[in-house]
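Novice: Okay, so here is work33.txt, and as you'll see once you scroll down, it has compact mmCIF, C-alpha atoms.
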# COMPACT_ATOMS: atom_id res chain seq x y z
CA MET A 192 10.86 11.74 18.84
CA LYS A 193 11.93 12.44 22.43
CA CYS A 194 12.31 9.74 25.06
CA PRO A 195 9.45 10.29 27.56
CA TYR A 196 11.77 9.26 30.40
CA CYS A 197 15.06 11.08 29.77
CA ASN A 198 13.88 13.58 27.11
CA HIS A 199 16.79 12.73 24.80
CA GLU A 200 16.16 13.08 21.07
CA ILE A 201 15.88 9.58 19.53
CA THR A 202 15.95 8.70 15.85
CA VAL A 203 12.98 6.53 14.91
CA TYR A 204 12.79 5.66 11.23
CA ARG A 205 9.53 7.01 9.92
CA ASN A 206 7.52 5.52 7.09
CA PRO A 207 4.19 6.29 5.49
CA ILE A 208 1.53 4.50 7.53
CA PRO A 209 -0.65 1.91 5.74
CA THR A 210 -4.43 1.95 6.04
CA VAL A 211 -7.22 0.19 4.18
CA ASP A 212 -10.61 1.48 3.08
CA ILE A 213 -13.50 -0.68 1.97
CA ILE A 214 -16.20 0.38 -0.48
CA ILE A 215 -19.06 -1.90 0.60
CA GLU A 216 -21.68 -2.28 -2.13
CA ARG A 217 -25.32 -3.19 -1.57
CA GLU A 218 -28.21 -2.86 -4.00
CA GLY A 219 -26.52 -0.21 -6.11
CA LYS A 220 -25.44 1.87 -3.13
CA ILE A 221 -22.32 2.11 -0.99
CA ILE A 222 -21.82 2.59 2.75
CA LEU A 223 -20.18 5.69 4.19
CA VAL A 224 -19.57 6.17 7.92
CA LYS A 225 -19.83 9.39 9.91
CA ARG A 226 -16.51 9.80 11.74
CA LYS A 227 -16.29 10.17 15.50
CA ASN A 228 -12.80 11.69 15.33
CA PRO A 229 -11.25 14.43 13.20
CA PRO A 230 -11.13 14.87 10.32
CA PHE A 231 -14.94 14.78 10.55
CA GLY A 232 -17.43 14.01 7.81
CA TRP A 233 -18.66 10.96 5.92
CA ALA A 234 -15.83 8.61 4.97
CA ILE A 235 -15.33 5.26 3.35
CA PRO A 236 -15.07 2.77 6.24
CA GLY A 237 -11.50 1.74 7.01
CA GLY A 238 -8.56 2.19 9.33
CA PHE A 239 -4.97 1.42 10.21
CA VAL A 240 -3.42 -1.94 9.36
CA ASP A 241 -1.80 -3.76 12.29
CA TYR A 242 1.75 -5.03 12.08
CA GLY A 243 1.55 -8.71 11.06
CA GLU A 244 -1.88 -8.32 9.47
CA SER A 245 -2.53 -8.60 5.73
CA PHE A 246 -4.54 -5.82 4.10
CA GLU A 247 -7.33 -8.29 3.30
CA THR A 248 -7.57 -9.28 6.97
CA ALA A 249 -7.52 -5.63 8.03
CA ALA A 250 -10.33 -4.84 5.56
CA ALA A 251 -12.52 -7.60 7.01
CA ARG A 252 -11.73 -6.47 10.57
CA GLU A 253 -12.50 -2.80 9.91
CA ALA A 254 -15.76 -3.61 8.09
CA LYS A 255 -16.79 -5.62 11.14
CA GLU A 256 -15.64 -3.01 13.67
CA GLU A 257 -17.11 0.07 12.02
CA CYS A 258 -20.14 -1.33 10.16
CA SER A 259 -20.86 -4.62 11.98
CA VAL A 260 -20.92 -6.57 8.70
CA THR A 261 -19.09 -9.67 7.48
CA LEU A 262 -17.42 -9.39 4.08
CA THR A 263 -18.52 -11.96 1.49
CA SER A 264 -16.28 -10.80 -1.38
CA LEU A 265 -13.23 -8.59 -1.56
CA GLN A 266 -11.50 -7.14 -4.61
CA GLN A 267 -8.50 -4.83 -4.53
CA PHE A 268 -9.19 -1.54 -6.29
CA HIS A 269 -6.29 0.94 -6.01
CA THR A 270 -3.68 2.33 -3.61
CA TYR A 271 -3.52 6.09 -2.90
CA SER A 272 -0.37 7.57 -1.41
CA ALA A 273 -0.23 11.36 -1.91
CA PRO A 274 1.56 12.80 1.16
CA ASP A 275 -1.18 15.42 1.69
CA ARG A 276 -4.17 13.07 1.43
CA ASP A 277 -4.54 12.87 5.25
CA PRO A 278 -4.27 16.10 7.32
CA ARG A 279 -2.97 14.18 10.38
CA MET A 280 0.14 12.54 8.91
CA HIS A 281 1.34 10.67 5.83
CA THR A 282 -1.01 7.72 5.63
CA VAL A 283 -1.53 5.66 2.48
CA THR A 284 -4.59 3.61 1.70
CA THR A 285 -5.26 0.48 -0.27
CA VAL A 286 -8.91 0.63 -1.29
CA PHE A 287 -11.01 -2.51 -1.69
CA ILE A 288 -14.44 -3.09 -3.20
CA ALA A 289 -16.54 -5.56 -1.23
CA THR A 290 -19.91 -7.10 -0.61
CA ALA A 291 -21.05 -8.00 2.88
CA GLU A 292 -23.75 -9.79 4.83
CA GLY A 293 -25.36 -8.67 8.05
CA ILE A 294 -27.29 -5.62 9.16
CA PRO A 295 -24.99 -2.59 8.99
CA VAL A 296 -24.77 -0.78 12.32
CA ALA A 297 -22.26 1.98 13.05
CA ALA A 298 -19.78 1.20 15.84
CA ASP A 299 -16.24 1.91 17.05
CA ASP A 300 -14.89 5.02 15.25
CA ALA A 301 -18.18 5.49 13.37
CA VAL A 302 -21.11 7.32 15.00
CA ASP A 303 -23.49 6.77 12.09
CA LEU A 304 -23.62 5.09 8.69
CA ASP A 305 -25.79 5.38 5.64
CA PHE A 306 -26.08 4.23 2.03
CA PHE A 307 -25.24 6.59 -0.82
CA THR A 308 -25.22 6.68 -4.61
CA GLU A 309 -23.02 8.85 -6.81
CA ASP A 310 -25.87 11.40 -6.91
CA THR A 311 -26.56 11.51 -3.18
CA LEU A 312 -23.03 11.83 -1.74
CA PRO A 313 -22.79 14.02 1.37
CA GLU A 314 -21.09 17.41 1.30
CA GLU A 315 -18.43 16.79 3.90
CA ILE A 316 -16.08 13.97 2.81
CA PRO A 317 -12.66 13.87 4.52
CA PHE A 318 -9.23 12.78 3.28
CA ASP A 319 -9.04 12.14 -0.49
CA HIS A 320 -12.18 10.02 -0.31
CA ARG A 321 -14.13 12.18 -2.76
CA ARG A 322 -11.44 11.57 -5.34
CA ILE A 323 -11.42 7.86 -4.54
CA LEU A 324 -15.21 7.73 -4.92
CA THR A 325 -14.98 9.58 -8.24
CA ASP A 326 -12.50 6.95 -9.46
CA TYR A 327 -14.71 4.16 -8.12
CA PHE A 328 -17.93 5.39 -9.78
CA GLN A 329 -15.96 5.87 -13.02
CA PHE A 330 -14.63 2.30 -12.73
CA ARG A 331 -18.14 0.95 -12.19
CA LYS A 332 -19.50 2.58 -15.40
CA MET B 78 12.22 -0.38 21.61
CA LYS B 79 14.66 0.78 24.30
CA CYS B 80 15.91 4.34 24.60
CA PRO B 81 19.61 4.21 23.64
CA TYR B 82 20.36 6.86 26.29
CA CYS B 83 18.46 5.78 29.43
CA ASN B 84 17.58 2.19 28.38
CA HIS B 85 13.92 2.64 29.34
CA GLU B 86 11.37 0.61 27.36
CA ILE B 87 9.47 2.97 25.04
CA THR B 88 6.27 2.20 23.15
CA VAL B 89 6.64 2.99 19.46
CA TYR B 90 3.57 2.19 17.39
CA ARG B 91 4.60 -0.29 14.74
CA ASN B 92 3.02 -0.53 11.30
CA PRO B 93 3.67 -2.61 8.21
CA ILE B 94 6.34 -0.79 6.21
CA PRO B 95 5.48 0.34 2.67
CA THR B 96 7.74 -0.42 -0.27
CA VAL B 97 7.33 -0.19 -4.03
CA ASP B 98 8.52 -2.54 -6.77
CA ILE B 99 8.68 -1.67 -10.45
CA ILE B 100 8.35 -4.18 -13.27
CA ILE B 101 10.24 -2.36 -16.02
CA GLU B 102 9.33 -3.65 -19.47
CA ARG B 103 11.53 -3.43 -22.56
CA GLU B 104 11.16 -5.33 -25.84
CA GLY B 105 9.13 -8.15 -24.32
CA LYS B 106 11.44 -8.60 -21.36
CA ILE B 107 11.57 -7.28 -17.81
CA ILE B 108 14.46 -6.14 -15.63
CA LEU B 109 15.45 -7.99 -12.47
CA VAL B 110 18.28 -6.84 -10.19
CA LYS B 111 20.76 -9.00 -8.30
CA ARG B 112 20.57 -7.91 -4.65
CA LYS B 113 23.63 -6.72 -2.73
CA ASN B 114 21.96 -7.37 0.65
CA PRO B 115 19.99 -10.29 2.07
CA PRO B 116 17.69 -11.78 1.10
CA PHE B 117 19.88 -12.47 -1.94
CA GLY B 118 18.81 -13.42 -5.43
CA TRP B 119 17.24 -11.68 -8.42
CA ALA B 120 14.45 -9.34 -7.43
CA ILE B 121 12.10 -6.86 -9.02
CA PRO B 122 13.77 -3.45 -8.55
CA GLY B 123 12.27 -1.44 -5.71
CA GLY B 124 12.69 -0.27 -2.15
CA PHE B 125 11.32 1.57 0.86
CA VAL B 126 9.05 4.58 0.45
CA ASP B 127 10.17 7.71 2.31
CA TYR B 128 7.82 9.55 4.64
CA GLY B 129 6.27 12.39 2.61
CA GLU B 130 6.91 10.67 -0.73
CA SER B 131 4.14 9.31 -2.96
CA PHE B 132 4.50 5.74 -4.21
CA GLU B 133 4.77 7.01 -7.79
CA THR B 134 7.68 9.28 -6.81
CA ALA B 135 9.32 6.43 -4.89
CA ALA B 136 8.99 4.15 -7.93
CA ALA B 137 10.73 6.69 -10.17
CA ARG B 138 13.47 7.24 -7.57
CA GLU B 139 14.14 3.53 -7.05
CA ALA B 140 14.22 2.83 -10.81
CA LYS B 141 16.83 5.58 -11.12
CA GLU B 142 18.86 4.49 -8.08
CA GLU B 143 18.97 0.74 -8.81
CA CYS B 144 18.75 0.61 -12.61
CA SER B 145 19.90 4.10 -13.70
CA VAL B 146 16.82 4.55 -15.92
CA THR B 147 14.15 7.25 -16.14
CA LEU B 148 10.55 6.07 -16.12
CA THR B 149 8.46 7.10 -19.12
CA SER B 150 5.19 5.45 -18.08
CA LEU B 151 3.91 4.08 -14.80
CA GLN B 152 0.82 1.99 -14.13
CA GLN B 153 -0.21 0.62 -10.75
CA PHE B 154 -0.54 -3.16 -10.78
CA HIS B 155 -1.32 -4.62 -7.33
CA THR B 156 -0.45 -4.35 -3.63
CA TYR B 157 0.89 -7.39 -1.74
CA SER B 158 0.75 -7.44 2.06
CA ALA B 159 1.10 -10.99 3.42
CA PRO B 160 2.98 -10.70 6.77
CA ASP B 161 5.46 -13.44 5.77
CA ARG B 162 6.32 -12.09 2.30
CA ASP B 163 9.58 -10.52 3.54
CA PRO B 164 11.85 -12.53 5.91
CA ARG B 165 13.21 -9.34 7.52
CA MET B 166 9.99 -7.75 8.80
CA HIS B 167 6.44 -7.01 7.74
CA THR B 168 6.86 -4.98 4.59
CA VAL B 169 4.12 -4.47 2.02
CA THR B 170 4.67 -3.64 -1.61
CA THR B 171 2.71 -1.76 -4.22
CA VAL B 172 3.86 -3.09 -7.58
CA PHE B 173 3.96 -0.91 -10.67
CA ILE B 174 4.42 -1.74 -14.35
CA ALA B 175 6.60 0.77 -16.18
CA THR B 176 8.55 1.64 -19.26
CA ALA B 177 11.83 3.55 -19.04
CA GLU B 178 14.45 5.31 -21.11
CA GLY B 179 18.19 5.21 -20.63
CA ILE B 180 20.80 2.48 -20.55
CA PRO B 181 20.11 0.19 -17.56
CA VAL B 182 23.11 -0.06 -15.24
CA ALA B 183 22.99 -1.69 -11.81
CA ALA B 184 23.76 0.65 -8.89
CA ASP B 185 23.02 1.28 -5.21
CA ASP B 186 21.53 -1.91 -3.68
CA ALA B 187 21.86 -3.80 -6.99
CA VAL B 188 25.16 -5.46 -7.98
CA ASP B 189 23.92 -6.62 -11.37
CA LEU B 190 20.85 -6.47 -13.58
CA ASP B 191 19.57 -8.40 -16.54
CA PHE B 192 16.53 -8.85 -18.77
CA PHE B 193 14.27 -11.87 -18.39
CA THR B 194 11.19 -13.41 -19.94
CA GLU B 195 8.71 -15.74 -18.24
CA ASP B 196 10.72 -18.67 -19.64
CA THR B 197 14.15 -17.47 -18.56
CA LEU B 198 13.51 -16.42 -14.94
CA PRO B 199 16.42 -17.12 -12.56
CA GLU B 200 16.21 -19.79 -9.88
CA GLU B 201 16.78 -17.63 -6.84
CA ILE B 202 14.01 -15.03 -6.49
CA PRO B 203 13.54 -13.50 -3.00
CA PHE B 204 10.46 -12.25 -1.16
CA ASP B 205 7.14 -13.10 -2.85
CA HIS B 206 8.50 -11.84 -6.18
CA ARG B 207 8.01 -15.15 -7.98
CA ARG B 208 4.34 -15.03 -7.13
CA ILE B 209 4.15 -11.37 -8.20
CA LEU B 210 5.83 -12.26 -11.50
CA THR B 211 3.41 -15.16 -12.02
CA ASP B 212 0.50 -12.72 -11.53
CA TYR B 213 2.16 -10.22 -13.87
CA PHE B 214 2.78 -12.67 -16.72
CA GLN B 215 -0.79 -13.92 -16.31
CA PHE B 216 -2.04 -10.31 -16.48
CA ARG B 217 -0.05 -9.68 -19.64
CA LYS B 218 -1.59 -12.70 -21.49
Is it possible to give me this structure as C-alpha cells?
Specialist:
Amino acid sequence: MKCPYCNHEITVYRNPIPTVDIIIEREGKIILVKRKNPPFGWAIPGGFVDYGESFETAAAREAKEECSVTLTSLQQFHTYSAPDRDPRMHTVTTVFIATAEGIPVAADDAVDLDFFTEDTLPEEIPFDHRRILTDYFQFRK
Amino acid sequence: MKCPYCNHEITVYRNPIPTVDIIIEREGKIILVKRKNPPFGWAIPGGFVDYGESFETAAAREAKEECSVTLTSLQQFHTYSAPDRDPRMHTVTTVFIATAEGIPVAADDAVDLDFFTEDTLPEEIPFDHRRILTDYFQFRK
C-alpha cells in the first residue's frame, strides 16, 4: 500500500481475511439475506471477524446484526478458502450451522431476509455460497 | 502502524491471521515438530497461509517445508480461533488430518521431529495444540 500522507510505498504483510457464515435453521428451512452491498444476491448471513474475536463470538454477533436473532446452538461445519471464492479479495469463511430465537428481521448489511429450502433457493447467490449450501444439504441428508 | 518514511499514524485494518496445522498420521502415530522460534516446544506442523493460497495448498506446502513429506490424503478436522490461543498475536488455525509419503526430516522452522502417540506426548506443547490433540485423539476413538 501507499502511505496516504507521504505517498511512499509501504510493505504491509497481507493474509487471507477470515469471515464467518451462519446457516440458521428453523422448521426445515434456512435463512438467507439479501445483500445491500456488492456482490449482490441472497447470501448466507455472515461477515468479517474482528481482531481479538473468536469465530463463535463473531457468528453470534453477525446473526444478531444482520438477522436480529439470538443464537441458541452453534456447530462448526466447514472452512472454505479458495482464493477466488470472493470477487473482492481473498476472504476465507468458517461456516457454522445454528438455531436461533427471536423474530428474524433484516438489518445492517442485509436489506431483506427470507426462509428457503433446497428446492426453493433463489437464483442469484454470491460468493461460493451455492457450493456451501450444496454441501450443507448433502450433510443434512 | 506508523509509516516508516514520514512517521505518520496510518490506519491498517487488522484481522485475525489464518494459519493451518496438519496432523500427519503414520502407523498409529503422529508427527510433532520441535520449533526453532518462540513459542518453543513440540507443535503440530503448520504455519501461515499466504494471500491467494487455499488452506489445502498451504497444508501441503507446510508439510513439505517443515517435515519434507508429500501429503497423500487430506481431511479437514476443525478450526480454532480463541484470541488467546497464540501468545504472539491473534492467529486462527484450520487443522487438517493427513497421510504422507516420504522420509520425514525436520527443516525450515523445525529443528527436530518425532512420532508420538496419545500416551507419549511431550511435556512442552505450545499454542492450544494440546487441546487440539485431545480433540483429535477423542475423534479417532
Novice: Tell me the residues of chain A close to chain B, meaning within 9 Å using only C-alpha atoms, as JSON, numbers by chain.
Specialist: {"A": [194, 195, 196, 197, 199, 201, 203, 205, 206, 207, 208, 209, 239, 240, 241, 242, 243, 244, 245, 246, 247, 267, 268, 269, 270, 271, 272, 273, 274, 275, 280, 281, 283, 285]}
Novice: Could you do a least-squares fit of chain A on chain B over every C-alpha atom, in sequence order, and give the output as a tab-separated table (two decimals) with C-alpha atoms, in the coordinates of the input?
Specialist:
chain	number	residue	atom	x	y	z
A	192	MET	CA	12.14	-0.56	21.47
A	193	LYS	CA	14.65	0.47	24.15
A	194	CYS	CA	15.98	4.00	24.51
A	195	PRO	CA	19.67	3.85	23.47
A	196	TYR	CA	20.51	6.41	26.16
A	197	CYS	CA	18.64	5.29	29.29
A	198	ASN	CA	17.67	1.74	28.18
A	199	HIS	CA	14.04	2.25	29.23
A	200	GLU	CA	11.42	0.33	27.26
A	201	ILE	CA	9.53	2.77	25.00
A	202	THR	CA	6.30	2.12	23.14
A	203	VAL	CA	6.64	3.01	19.46
A	204	TYR	CA	3.55	2.30	17.39
A	205	ARG	CA	4.53	-0.16	14.72
A	206	ASN	CA	2.97	-0.41	11.29
A	207	PRO	CA	3.62	-2.48	8.20
A	208	ILE	CA	6.31	-0.68	6.20
A	209	PRO	CA	5.44	0.43	2.64
A	210	THR	CA	7.71	-0.35	-0.30
A	211	VAL	CA	7.30	-0.15	-4.05
A	212	ASP	CA	8.51	-2.50	-6.77
A	213	ILE	CA	8.67	-1.67	-10.45
A	214	ILE	CA	8.36	-4.19	-13.27
A	215	ILE	CA	10.26	-2.38	-16.04
A	216	GLU	CA	9.35	-3.71	-19.48
A	217	ARG	CA	11.55	-3.51	-22.57
A	218	GLU	CA	11.20	-5.41	-25.82
A	219	GLY	CA	9.17	-8.22	-24.30
A	220	LYS	CA	11.48	-8.66	-21.33
A	221	ILE	CA	11.61	-7.32	-17.78
A	222	ILE	CA	14.49	-6.16	-15.59
A	223	LEU	CA	15.48	-7.98	-12.42
A	224	VAL	CA	18.30	-6.80	-10.14
A	225	LYS	CA	20.78	-8.94	-8.23
A	226	ARG	CA	20.58	-7.84	-4.59
A	227	LYS	CA	23.61	-6.63	-2.66
A	228	ASN	CA	21.94	-7.26	0.71
A	229	PRO	CA	19.99	-10.19	2.15
A	230	PRO	CA	17.68	-11.69	1.19
A	231	PHE	CA	19.89	-12.38	-1.85
A	232	GLY	CA	18.82	-13.34	-5.35
A	233	TRP	CA	17.25	-11.65	-8.36
A	234	ALA	CA	14.44	-9.29	-7.39
A	235	ILE	CA	12.10	-6.83	-9.00
A	236	PRO	CA	13.76	-3.41	-8.54
A	237	GLY	CA	12.24	-1.38	-5.72
A	238	GLY	CA	12.66	-0.20	-2.16
A	239	PHE	CA	11.28	1.64	0.83
A	240	VAL	CA	9.01	4.65	0.40
A	241	ASP	CA	10.12	7.79	2.25
A	242	TYR	CA	7.76	9.65	4.54
A	243	GLY	CA	6.21	12.48	2.49
A	244	GLU	CA	6.84	10.73	-0.82
A	245	SER	CA	4.08	9.36	-3.06
A	246	PHE	CA	4.45	5.78	-4.29
A	247	GLU	CA	4.74	7.03	-7.87
A	248	THR	CA	7.64	9.31	-6.90
A	249	ALA	CA	9.29	6.49	-4.96
A	250	ALA	CA	8.96	4.17	-7.99
A	251	ALA	CA	10.70	6.70	-10.24
A	252	ARG	CA	13.43	7.28	-7.63
A	253	GLU	CA	14.12	3.58	-7.09
A	254	ALA	CA	14.21	2.84	-10.84
A	255	LYS	CA	16.79	5.60	-11.17
A	256	GLU	CA	18.82	4.53	-8.12
A	257	GLU	CA	18.95	0.81	-8.81
A	258	CYS	CA	18.75	0.63	-12.62
A	259	SER	CA	19.88	4.12	-13.73
A	260	VAL	CA	16.80	4.55	-15.95
A	261	THR	CA	14.14	7.24	-16.21
A	262	LEU	CA	10.54	6.03	-16.19
A	263	THR	CA	8.44	7.05	-19.20
A	264	SER	CA	5.16	5.40	-18.14
A	265	LEU	CA	3.88	4.05	-14.86
A	266	GLN	CA	0.79	1.95	-14.18
A	267	GLN	CA	-0.23	0.60	-10.79
A	268	PHE	CA	-0.56	-3.18	-10.80
A	269	HIS	CA	-1.33	-4.62	-7.34
A	270	THR	CA	-0.46	-4.32	-3.65
A	271	TYR	CA	0.87	-7.35	-1.73
A	272	SER	CA	0.73	-7.37	2.05
A	273	ALA	CA	1.10	-10.91	3.46
A	274	PRO	CA	2.96	-10.58	6.79
A	275	ASP	CA	5.45	-13.32	5.82
A	276	ARG	CA	6.31	-12.01	2.35
A	277	ASP	CA	9.57	-10.41	3.60
A	278	PRO	CA	11.84	-12.41	5.98
A	279	ARG	CA	13.20	-9.20	7.58
A	280	MET	CA	9.97	-7.62	8.84
A	281	HIS	CA	6.40	-6.89	7.76
A	282	THR	CA	6.84	-4.87	4.59
A	283	VAL	CA	4.09	-4.40	2.01
A	284	THR	CA	4.64	-3.57	-1.62
A	285	THR	CA	2.69	-1.71	-4.24
A	286	VAL	CA	3.85	-3.08	-7.59
A	287	PHE	CA	3.95	-0.91	-10.71
A	288	ILE	CA	4.42	-1.77	-14.37
A	289	ALA	CA	6.60	0.73	-16.22
A	290	THR	CA	8.56	1.58	-19.30
A	291	ALA	CA	11.81	3.50	-19.10
A	292	GLU	CA	14.45	5.25	-21.17
A	293	GLY	CA	18.18	5.16	-20.67
A	294	ILE	CA	20.80	2.44	-20.56
A	295	PRO	CA	20.11	0.19	-17.56
A	296	VAL	CA	23.11	-0.06	-15.25
A	297	ALA	CA	22.98	-1.66	-11.80
A	298	ALA	CA	23.75	0.70	-8.90
A	299	ASP	CA	23.00	1.35	-5.23
A	300	ASP	CA	21.50	-1.83	-3.66
A	301	ALA	CA	21.84	-3.73	-6.96
A	302	VAL	CA	25.15	-5.39	-7.92
A	303	ASP	CA	23.93	-6.58	-11.31
A	304	LEU	CA	20.85	-6.45	-13.53
A	305	ASP	CA	19.60	-8.41	-16.49
A	306	PHE	CA	16.55	-8.87	-18.71
A	307	PHE	CA	14.31	-11.90	-18.31
A	308	THR	CA	11.23	-13.47	-19.88
A	309	GLU	CA	8.75	-15.77	-18.17
A	310	ASP	CA	10.77	-18.73	-19.52
A	311	THR	CA	14.20	-17.52	-18.45
A	312	LEU	CA	13.55	-16.43	-14.83
A	313	PRO	CA	16.45	-17.10	-12.45
A	314	GLU	CA	16.24	-19.77	-9.75
A	315	GLU	CA	16.79	-17.59	-6.73
A	316	ILE	CA	14.01	-14.97	-6.39
A	317	PRO	CA	13.55	-13.43	-2.92
A	318	PHE	CA	10.46	-12.17	-1.09
A	319	ASP	CA	7.15	-13.04	-2.80
A	320	HIS	CA	8.50	-11.80	-6.11
A	321	ARG	CA	8.03	-15.13	-7.89
A	322	ARG	CA	4.35	-14.99	-7.04
A	323	ILE	CA	4.16	-11.37	-8.15
A	324	LEU	CA	5.86	-12.26	-11.45
A	325	THR	CA	3.44	-15.16	-11.95
A	326	ASP	CA	0.53	-12.74	-11.49
A	327	TYR	CA	2.18	-10.23	-13.82
A	328	PHE	CA	2.83	-12.71	-16.66
A	329	GLN	CA	-0.75	-13.96	-16.25
A	330	PHE	CA	-2.03	-10.37	-16.46
A	331	ARG	CA	-0.01	-9.75	-19.62
A	332	LYS	CA	-1.53	-12.77	-21.44
Novice: Considering all atoms listed in the file, return as JSON, numbers by chain whatever protein or nucleic-acid residues lie within 9 Å of segment 117-121 of chain B, sequence-local ones (same chain, fewer than 5 positions apart) excluded.
Specialist: {"B": [98, 99, 100, 101, 107, 108, 109, 110, 111, 112, 189, 190, 198, 199, 200, 201, 202, 203, 204, 206, 207, 210]}
Novice: Grab the atom CA of Pro229 of chain A to atom CA of Ala297 of chain A distance for me, in Å with one decimal place.
Specialist: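 A separation of 16.6 Å between them.
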Novice: If you count all atoms listed in the file, which residues fall within 8 Å of segment 255-260 of chain A, apart from same-chain ones fewer than 5 positions away, as a PyMOL selection string?
Specialist: chain A and resi 224+236-237+291-301+304
Novice: One decimal, Å: what's the distance from atom CA of Lys113 of chain B over to atom CA of Tyr213 of chain B, could you say?
Specialist: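 Separating atom CA of Lys113 of chain B from atom CA of Tyr213 of chain B is a distance of 24.4 Å.
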Novice: Go ahead and compute the interatomic distance for atom CA of Thr311 of chain A and atom CA of Gly219 of chain A, in Å to one decimal.
Specialist: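 About the pair atom CA of Thr311 of chain A and atom CA of Gly219 of chain A: they are 12.1 Å apart.
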